[in-house]
$ cat query-v1.csv   # CSV, C-alpha atoms
chain,number,residue,atom,x,y,z
A,1,MET,CA,23.4,-4.1,7.2
A,2,ILE,CA,26.3,-4.8,9.5
A,3,ASP,CA,29.9,-4.0,9.0
A,4,SER,CA,32.2,-4.3,12.0
A,5,HIS,CA,35.1,-3.5,9.8
A,6,HIS,CA,34.0,-0.3,8.1
A,7,ASN,CA,32.5,1.4,11.3
A,8,TRP,CA,29.7,2.9,9.2
A,9,ASN,CA,27.2,2.2,12.0
A,10,THR,CA,28.8,4.9,14.1
A,11,SER,CA,29.9,7.4,11.4
A,12,PHE,CA,27.9,10.3,10.0
A,13,LYS,CA,29.9,10.6,6.8
A,14,PRO,CA,28.2,7.9,4.7
A,15,LEU,CA,24.8,9.4,5.6
A,16,PHE,CA,25.9,12.8,4.3
A,17,LEU,CA,27.3,11.2,1.1
A,18,GLY,CA,24.0,9.3,0.5
A,19,PHE,CA,22.0,12.4,1.1
A,20,VAL,CA,24.0,14.5,-1.3
A,21,PHE,CA,24.1,11.8,-4.0
A,22,SER,CA,20.3,11.3,-3.7
A,23,ILE,CA,19.6,15.0,-4.0
A,24,ILE,CA,21.8,15.3,-7.1
A,25,PHE,CA,20.1,12.4,-8.9
A,26,MET,CA,16.7,13.6,-7.9
A,27,LEU,CA,17.2,17.2,-9.1
A,28,GLY,CA,18.7,15.8,-12.3
A,29,ALA,CA,15.7,13.7,-13.0
A,30,TYR,CA,13.4,16.6,-12.1
A,31,ARG,CA,15.3,19.0,-14.5
A,32,ILE,CA,15.2,16.5,-17.3
A,33,ILE,CA,11.4,16.2,-17.0
A,34,ILE,CA,10.8,20.0,-16.6
A,35,HIS,CA,13.1,21.2,-19.4
A,36,SER,CA,13.2,18.3,-21.7
A,37,HIS,CA,14.4,18.3,-25.3
A,38,LEU,CA,14.9,14.5,-25.3
A,39,LYS,CA,12.9,12.0,-27.3
A,40,TYR,CA,10.5,9.8,-25.4
A,41,HIS,CA,12.6,6.7,-25.1
A,42,TRP,CA,15.7,8.6,-24.0
A,43,LEU,CA,13.6,10.5,-21.5
A,44,LEU,CA,12.3,7.1,-20.1
A,45,PHE,CA,15.8,5.6,-19.9
A,46,THR,CA,17.5,8.6,-18.3
A,47,VAL,CA,14.7,9.2,-15.7
A,48,ILE,CA,14.5,5.5,-14.7
A,49,GLY,CA,18.3,5.3,-14.7
A,50,LEU,CA,18.6,8.3,-12.3
A,51,GLY,CA,15.9,6.7,-10.1
A,52,ILE,CA,17.9,3.4,-10.0
A,53,LEU,CA,21.2,5.4,-9.2
A,54,GLN,CA,19.3,7.1,-6.3
A,55,ILE,CA,18.1,3.8,-5.0
A,56,ILE,CA,21.6,2.3,-5.1
A,57,ALA,CA,23.0,5.4,-3.3
A,58,GLN,CA,20.4,5.0,-0.5
A,59,LEU,CA,20.9,1.2,-0.3
A,60,VAL,CA,24.7,1.5,0.1
A,61,PHE,CA,25.0,4.7,2.1
A,62,PHE,CA,21.9,4.5,4.3
A,63,LEU,CA,21.3,0.7,4.6
A,64,HIS,CA,25.0,-0.3,4.2
A,65,LEU,CA,23.9,-3.1,1.8
A,66,GLY,CA,26.8,-5.2,0.4
A,67,LEU,CA,29.3,-4.1,3.1
A,68,GLU,CA,28.7,-7.1,5.4
A,69,THR,CA,31.3,-9.8,5.9
A,70,LYS,CA,30.7,-13.3,4.6
A,71,PRO,CA,28.2,-15.1,4.5
A,72,ARG,CA,26.4,-12.2,2.8
A,73,TRP,CA,22.8,-13.2,3.5
A,74,ASN,CA,21.4,-9.6,3.3
A,75,ILE,CA,22.5,-9.0,-0.2
A,76,ALA,CA,21.8,-12.5,-1.3
A,77,MET,CA,18.2,-12.3,-0.3
A,78,PHE,CA,18.0,-8.8,-1.8
A,79,ILE,CA,19.2,-9.9,-5.2
A,80,TYR,CA,16.7,-12.9,-5.1
A,81,THR,CA,13.9,-10.5,-4.3
A,82,ILE,CA,14.9,-8.1,-7.1
A,83,LEU,CA,14.9,-11.0,-9.6
A,84,LEU,CA,11.4,-12.1,-8.4
A,85,VAL,CA,10.1,-8.5,-8.6
A,86,LEU,CA,11.5,-8.0,-12.1
A,87,ALA,CA,9.8,-11.3,-13.3
A,88,LEU,CA,6.6,-10.1,-11.7
A,89,VAL,CA,6.6,-6.6,-13.1
A,90,ILE,CA,8.0,-7.3,-16.6
A,91,GLY,CA,5.8,-10.4,-16.9
A,92,SER,CA,2.6,-8.5,-16.0
A,93,LEU,CA,3.4,-5.6,-18.4
A,94,TRP,CA,4.3,-7.9,-21.2
A,95,ILE,CA,1.2,-10.2,-21.0
A,96,MET,CA,-1.2,-7.2,-20.5
A,97,GLN,CA,0.2,-5.3,-23.5
A,98,ASN,CA,-0.1,-8.5,-25.6
A,99,LEU,CA,-3.7,-8.9,-24.4
A,100,ASN,CA,-4.5,-5.3,-25.3
A,101,TYR,CA,-2.9,-5.8,-28.8
A,102,ASN,CA,-4.9,-9.0,-29.4
A,103,LEU,CA,-8.1,-7.4,-28.3
A,104,MET,CA,-7.4,-4.4,-30.5
A,105,MET,CA,-7.7,-2.0,-27.7
B,1,MET,CA,41.6,-13.1,13.2
B,2,ASN,CA,42.0,-9.7,14.8
B,3,VAL,CA,40.3,-8.5,18.0
B,4,ALA,CA,37.5,-6.7,16.1
B,5,ASP,CA,36.2,-10.1,14.9
B,6,HIS,CA,35.2,-11.0,18.5
B,7,GLN,CA,33.6,-7.7,19.3
B,8,PHE,CA,30.0,-6.6,18.9
B,9,PRO,CA,28.6,-6.6,16.4
B,10,ASP,CA,29.9,-10.1,15.5
B,11,SER,CA,29.0,-10.9,12.0
B,12,HIS,CA,25.6,-12.7,12.0
B,13,HIS,CA,25.6,-14.5,15.3
B,14,ASP,CA,24.6,-11.8,17.8
B,15,ASP,CA,21.0,-10.9,18.5
B,16,TYR,CA,21.4,-7.5,16.7
B,17,SER,CA,22.4,-9.1,13.4
B,18,LYS,CA,19.7,-11.8,13.7
B,19,THR,CA,17.0,-9.2,14.4
B,20,THR,CA,18.0,-6.8,11.7
B,21,PHE,CA,18.3,-9.7,9.2
B,22,GLY,CA,14.8,-10.9,10.1
B,23,PHE,CA,13.5,-7.4,9.8
B,24,TRP,CA,15.2,-7.0,6.4
B,25,LEU,CA,13.5,-10.2,5.2
B,26,TYR,CA,10.1,-8.7,6.2
B,27,LEU,CA,11.0,-5.5,4.3
B,28,LEU,CA,11.8,-7.6,1.2
B,29,THR,CA,8.4,-9.3,1.3
B,30,ASP,CA,6.9,-5.8,1.7
B,31,LEU,CA,8.9,-4.8,-1.4
B,32,MET,CA,7.2,-7.7,-3.3
B,33,PHE,CA,3.8,-6.4,-2.1
B,34,PHE,CA,4.6,-2.9,-3.4
B,35,ALA,CA,5.9,-4.4,-6.7
B,36,THR,CA,2.5,-6.1,-7.3
B,37,ILE,CA,0.7,-2.8,-6.7
B,38,PHE,CA,3.3,-1.0,-9.0
B,39,SER,CA,2.7,-3.5,-11.8
B,40,THR,CA,-1.1,-3.0,-11.4
B,41,TYR,CA,-0.5,0.7,-11.6
B,42,ALA,CA,1.7,0.4,-14.7
B,43,VAL,CA,-0.9,-1.9,-16.4
B,44,LEU,CA,-3.8,0.5,-15.6
B,45,LYS,CA,-1.9,3.7,-16.3
B,46,LYS,CA,-3.9,4.6,-19.5
B,47,SER,CA,-7.3,3.2,-18.3
B,48,THR,CA,-8.6,6.6,-17.3
B,49,PHE,CA,-12.1,6.0,-18.7
B,50,GLY,CA,-12.1,9.5,-20.2
B,51,GLY,CA,-11.3,11.1,-16.8
B,52,PRO,CA,-8.0,12.8,-15.8
B,53,GLY,CA,-4.6,11.0,-15.8
B,54,ALA,CA,-1.5,11.7,-13.8
B,55,LYS,CA,-0.5,14.7,-16.0
B,56,ASP,CA,-3.8,16.5,-15.3
B,57,LEU,CA,-4.0,15.8,-11.6
B,58,PHE,CA,-0.5,16.1,-10.1
B,59,SER,CA,2.2,18.6,-9.9
B,60,VAL,CA,5.8,17.4,-10.3
B,61,SER,CA,7.1,20.3,-8.1
B,62,TYR,CA,4.8,19.3,-5.3
B,63,ALA,CA,6.0,15.7,-5.6
B,64,MET,CA,9.6,16.9,-5.5
B,65,ILE,CA,9.0,18.7,-2.2
B,66,GLU,CA,7.5,15.4,-0.9
B,67,THR,CA,10.6,13.6,-2.2
B,68,LEU,CA,13.0,16.0,-0.4
B,69,ILE,CA,11.1,15.6,2.9
B,70,MET,CA,11.0,11.8,2.6
B,71,LEU,CA,14.8,11.8,1.8
B,72,THR,CA,15.5,14.1,4.8
B,73,CYS,CA,13.4,11.8,7.0
B,74,ALA,CA,15.5,8.8,6.0
B,75,PHE,CA,18.7,10.8,6.5
B,76,ILE,CA,17.6,12.0,10.0
B,77,ALA,CA,16.6,8.5,10.9
B,78,GLY,CA,20.1,7.4,9.9
B,79,ILE,CA,21.6,10.1,12.1
B,80,GLY,CA,19.4,8.8,14.9
B,81,GLY,CA,20.7,5.3,14.2
B,82,VAL,CA,24.3,6.5,14.5
B,83,TYR,CA,23.5,8.3,17.8
B,84,ALA,CA,21.8,5.0,19.0
B,85,HIS,CA,25.0,3.1,18.2
B,86,ARG,CA,27.0,5.7,20.1
B,87,LYS,CA,24.6,5.2,23.1
B,88,SER,CA,23.7,8.9,23.0
B,89,LYS,CA,20.2,9.2,24.5
B,90,GLY,CA,19.5,12.8,23.7
B,91,GLY,CA,20.7,12.6,20.1
B,92,THR,CA,18.7,9.5,19.4
B,93,ILE,CA,15.5,10.9,20.8
B,94,ILE,CA,15.8,14.3,19.0
B,95,SER,CA,16.6,12.6,15.7
B,96,PHE,CA,13.7,10.2,15.9
B,97,VAL,CA,11.3,13.0,16.9
B,98,LEU,CA,12.4,15.0,13.9
B,99,ALA,CA,12.0,11.9,11.6
B,100,PHE,CA,8.5,11.5,13.2
B,101,LEU,CA,7.6,15.1,12.3
B,102,LEU,CA,8.9,14.8,8.7
B,103,GLY,CA,7.0,11.5,8.3
B,104,GLY,CA,3.9,13.3,9.5
B,105,ALA,CA,4.5,16.1,7.0
B,106,ILE,CA,4.6,13.6,4.1
B,107,LEU,CA,1.4,12.0,5.4
B,108,GLY,CA,-0.2,15.5,5.4
B,109,MET,CA,1.0,16.3,1.9
B,110,ILE,CA,-0.4,13.0,0.6
B,111,TRP,CA,-3.7,13.7,2.2
B,112,HIS,CA,-3.7,17.2,0.7
B,113,GLU,CA,-3.2,15.7,-2.7
B,114,PHE,CA,-6.0,13.2,-2.1
B,115,SER,CA,-8.4,16.0,-1.1
B,116,HIS,CA,-7.3,18.0,-4.2
B,117,VAL,CA,-8.4,15.0,-6.4
B,118,PHE,CA,-11.7,14.7,-4.4
B,119,ALA,CA,-12.3,18.4,-4.8
B,120,GLY,CA,-12.1,17.9,-8.6
B,121,GLY,CA,-15.1,15.5,-8.3
B,122,TYR,CA,-13.0,12.3,-8.7
B,123,ASP,CA,-12.3,9.4,-6.3
B,124,TRP,CA,-11.1,5.8,-6.5
B,125,ARG,CA,-14.4,4.8,-8.2
B,126,SER,CA,-13.9,7.2,-11.1
B,127,SER,CA,-11.6,5.1,-13.2
B,128,ALA,CA,-9.3,2.0,-13.1
B,129,TYR,CA,-6.4,4.4,-13.2
B,130,LEU,CA,-7.5,6.3,-10.1
B,131,SER,CA,-8.2,3.0,-8.3
B,132,ALA,CA,-4.6,2.0,-8.9
B,133,TYR,CA,-3.3,5.4,-7.8
B,134,PHE,CA,-5.3,5.4,-4.6
B,135,THR,CA,-4.2,1.8,-3.8
B,136,LEU,CA,-0.6,2.6,-4.3
B,137,LEU,CA,-0.5,5.9,-2.4
B,138,GLY,CA,-2.9,4.6,0.2
B,139,THR,CA,-0.7,1.6,0.9
B,140,PHE,CA,2.3,3.9,1.2
B,141,ALA,CA,0.3,6.2,3.6
B,142,LEU,CA,-0.6,3.2,5.7
B,143,HIS,CA,3.1,2.3,6.0
B,144,LEU,CA,3.8,5.9,7.1
B,145,ILE,CA,1.1,5.7,9.8
B,146,GLY,CA,2.7,2.4,10.9
B,147,GLY,CA,6.1,4.1,11.2
B,148,LEU,CA,4.6,7.0,13.2
B,149,LEU,CA,2.7,4.7,15.6
B,150,TRP,CA,5.8,2.6,16.0
B,151,THR,CA,7.9,5.7,16.9
B,152,ILE,CA,5.3,6.7,19.6
B,153,VAL,CA,5.6,3.2,21.1
B,154,LEU,CA,9.4,3.1,21.0
B,155,LEU,CA,10.4,6.6,22.3
B,156,PRO,CA,9.0,6.7,25.9
B,157,PRO,CA,11.2,3.7,27.2
B,158,LEU,CA,14.2,5.6,25.8
B,159,PHE,CA,13.5,8.5,28.2
B,160,LYS,CA,13.5,6.1,31.1
B,161,VAL,CA,16.4,3.7,30.5
B,162,GLY,CA,18.4,5.2,27.7
B,163,VAL,CA,19.9,3.3,24.8
B,164,THR,CA,20.4,-0.3,26.0
B,165,SER,CA,21.3,-3.1,23.6
B,166,LEU,CA,17.6,-4.0,23.4
B,167,HIS,CA,16.7,-0.4,22.4
B,168,LEU,CA,19.6,-0.2,20.0
B,169,LYS,CA,18.1,-3.2,18.2
B,170,ARG,CA,14.6,-1.7,18.2
B,171,MET,CA,15.7,1.8,17.0
B,172,SER,CA,17.8,0.2,14.3
B,173,CYS,CA,14.8,-1.6,12.9
B,174,LEU,CA,12.8,1.7,13.0
B,175,ARG,CA,15.7,3.5,11.2
B,176,ILE,CA,15.8,0.7,8.5
B,177,PHE,CA,12.0,1.1,8.2
B,178,TRP,CA,12.1,4.8,7.4
B,179,GLN,CA,15.0,4.3,5.0
B,180,PHE,CA,13.0,1.5,3.3
B,181,LEU,CA,10.0,3.8,2.9
B,182,SER,CA,12.3,6.5,1.3
B,183,ILE,CA,13.4,3.9,-1.3
B,184,VAL,CA,9.8,2.9,-2.1
B,185,TRP,CA,9.1,6.7,-2.4
B,186,VAL,CA,11.8,7.0,-5.1
B,187,PHE,CA,9.9,4.4,-7.1
B,188,ILE,CA,6.6,6.3,-6.6
B,189,PHE,CA,8.3,9.7,-7.5
B,190,THR,CA,9.8,8.2,-10.7
B,191,PHE,CA,6.9,6.2,-12.0
B,192,VAL,CA,3.9,8.1,-10.8
B,193,TYR,CA,5.0,11.7,-10.9
B,194,LEU,CA,8.0,12.1,-13.2
B,195,LEU,CA,7.0,9.6,-15.9
B,196,GLY,CA,3.3,10.6,-15.4
B,197,GLU,CA,4.3,13.9,-17.0
B,198,ILE,CA,5.4,12.5,-20.4

$ encode --input "query-v1.csv" --output "structure tokens"
Amino acid sequence: MIDSHHNWNTSFKPLFLGFVFSIIFMLGAYRIIIHSHLKYHWLLFTVIGLGILQIIAQLVFFLHLGLETKPRWNIAMFIYTILLVLALVIGSLWIMQNLNYNLMM
Amino acid sequence: MNVADHQFPDSHHDDYSKTTFGFWLYLLTDLMFFATIFSTYAVLKKSTFGGPGAKDLFSVSYAMIETLIMLTCAFIAGIGGVYAHRKSKGGTIISFVLAFLLGGAILGMIWHEFSHVFAGGYDWRSSAYLSAYFTLLGTFALHLIGGLLWTIVLLPPLFKVGVTSLHLKRMSCLRIFWQFLSIVWVFIFTFVYLLGEI
């Protein structure tokens, strides 16, 4: 969040960068969905990948994540939350698919 | 140690850093809240009970306009944050009023989409899928309303006293809140609208 050394808090430049990167990734994902010749799995991977890139662009250029000086509590808590969220989402999807399979649905 | 190390913002020990870190922790718990709703949505995606799914109900182009507005809202809020750090009263107020209007526009667009679903004769009781959809988008809309009300509360004191260190702290939290909502919207755009099409 904070970076006394980079002066990003008082500069417009990172905001413009984040805005432009986000729009490029978003339009890319939109185009892939609208004019798609890709197979299902490739479509899934590219669209989710572009979404993740867009989120990283916004985290870095808008929220200045990862630019703070030591100790880096903001990014440490963020990474822990992401691990927890991944366990929650992947675990839920996995067990529910398995349940659907076993119930022949 | 150079001079900058002793200046504001000092890393982690000043009020500003402690407040934004506390607010960041709140946002991360909010992210977990959204993640549980997202996993419910993903599990119930195909449980349409013979009714319409994402592909039948929503338009990707409409959602892309919403995404553009949400992104612009986060961008303008960021501009407002920079003006607040530069202690510029006018710039801060104008930016956050613009962010307020853009946030209101998203809320209106979500409501328009809801009424489109209602007009088709469906609501949250129609299928498990629609329950999950209304829970997800409804939670997002509630956060938007929170951000709008918060802006209304924070702006009037700025007119009176300008950007003091107290108001810099408050406006920075509001800026982070809009930017957080924009990140959550990227997830919604990707998983509900883009992947709803395939």

$ interface_residues --input "query-v1.csv" --of "chain B" --to "chain A" --cutoff "8 Å" --atoms "only C-alpha atoms" --output "VMD selection string"
chain B and resid 4 to 5 8 to 11 17 20 to 21 24 to 25 28 to 29 32 35 to 36 38 to 39 42 to 43 60 64 68 71 to 72 74 to 75 78 to 79 81 to 83 85 to 86 176 179 183 186 to 187 190 194 to 195 197 to 198

$ atom_distance --input "query-v1.csv" --atom1 "atom CA of B:Ala141" --atom2 "atom CA of B:Ser182"
12.2 Å

$ residues_near_point --input "query-v1.csv" --point "(12.0, 8.3, 18.8)" --cutoff "8 Å" --atoms "only C-alpha atoms" --output "list in words"
Thr92, Ile93, Ile94, Ser95, Phe96, Val97, Phe100, Thr151, Ile152, Leu154, Leu155, Pro156, Leu158 and Met171 of chain B

$ residues_around --input "query-v1.csv" --residues "B:Ile145" --least-positions-apart "6" --cutoff "12 Å" --atoms "only C-alpha atoms" --output "ChimeraX atom specification"
/B:100-101,103-108,110,138-139,151-152,177-178,181

$ residues_around --input "query-v1.csv" --residues "B:Ser131" --least-positions-apart "2" --cutoff "12 Å" --atoms "only C-alpha atoms" --output "list in words"
Ile37, Thr40, Tyr41, Val43, Leu44, Lys45, Ser47, Thr48, Phe49, Gly53, Tyr122, Asp123, Trp124, Arg125, Ser126, Ser127, Ala128, Tyr129, Tyr133, Phe134, Thr135, Leu136, Leu137, Gly138 and Thr139 of chain B

$ atom_distance --input "query-v1.csv" --atom1 "atom CA of A:Tyr101" --atom2 "atom CA of A:Ala87"
20.8 Å

$ closest_residue --input "query-v1.csv" --among "B:Trp111, B:Phe191, B:Trp185, B:Lys89" --to "B:Val163" --atoms "only C-alpha atoms"
B:Lys89

$ atom_distance --input "query-v1.csv" --atom1 "atom CA of B:Val184" --atom2 "atom CA of B:Phe140"
8.3 Å

$ build_atoms --input "query-v1.csv" --residues "stretch 52-63 of chain A" --atoms "N, CA and C atoms" --output "compact mmCIF listing (two decimals), keeping the file's coordinate frame"
# COMPACT_ATOMS: atom_id res chain seq x y z
N ILE A 52 17.20 4.61 -10.44
CA ILE A 52 17.90 3.40 -10.00
C ILE A 52 19.23 3.84 -9.27
N LEU A 53 19.94 4.86 -9.82
CA LEU A 53 21.20 5.40 -9.20
C LEU A 53 20.85 5.87 -7.77
N GLN A 54 19.72 6.60 -7.65
CA GLN A 54 19.30 7.10 -6.30
C GLN A 54 19.05 6.02 -5.36
N ILE A 55 18.38 4.96 -5.84
CA ILE A 55 18.10 3.80 -5.00
C ILE A 55 19.35 3.13 -4.54
N ILE A 56 20.31 2.96 -5.48
CA ILE A 56 21.60 2.30 -5.10
C ILE A 56 22.31 3.16 -4.08
N ALA A 57 22.32 4.50 -4.26
CA ALA A 57 23.00 5.40 -3.30
C ALA A 57 22.40 5.19 -1.91
N GLN A 58 21.05 5.11 -1.85
CA GLN A 58 20.40 5.00 -0.50
C GLN A 58 20.66 3.59 0.06
N LEU A 59 20.66 2.54 -0.80
CA LEU A 59 20.90 1.20 -0.30
C LEU A 59 22.29 1.06 0.29
N VAL A 60 23.28 1.67 -0.40
CA VAL A 60 24.70 1.50 0.10
C VAL A 60 24.95 2.43 1.25
N PHE A 61 24.61 3.74 1.11
CA PHE A 61 25.00 4.70 2.10
C PHE A 61 24.11 4.74 3.34
N PHE A 62 22.81 4.46 3.15
CA PHE A 62 21.90 4.50 4.30
C PHE A 62 21.78 3.09 4.92
N LEU A 63 21.55 2.07 4.08
CA LEU A 63 21.30 0.70 4.60
C LEU A 63 22.56 -0.12 4.68
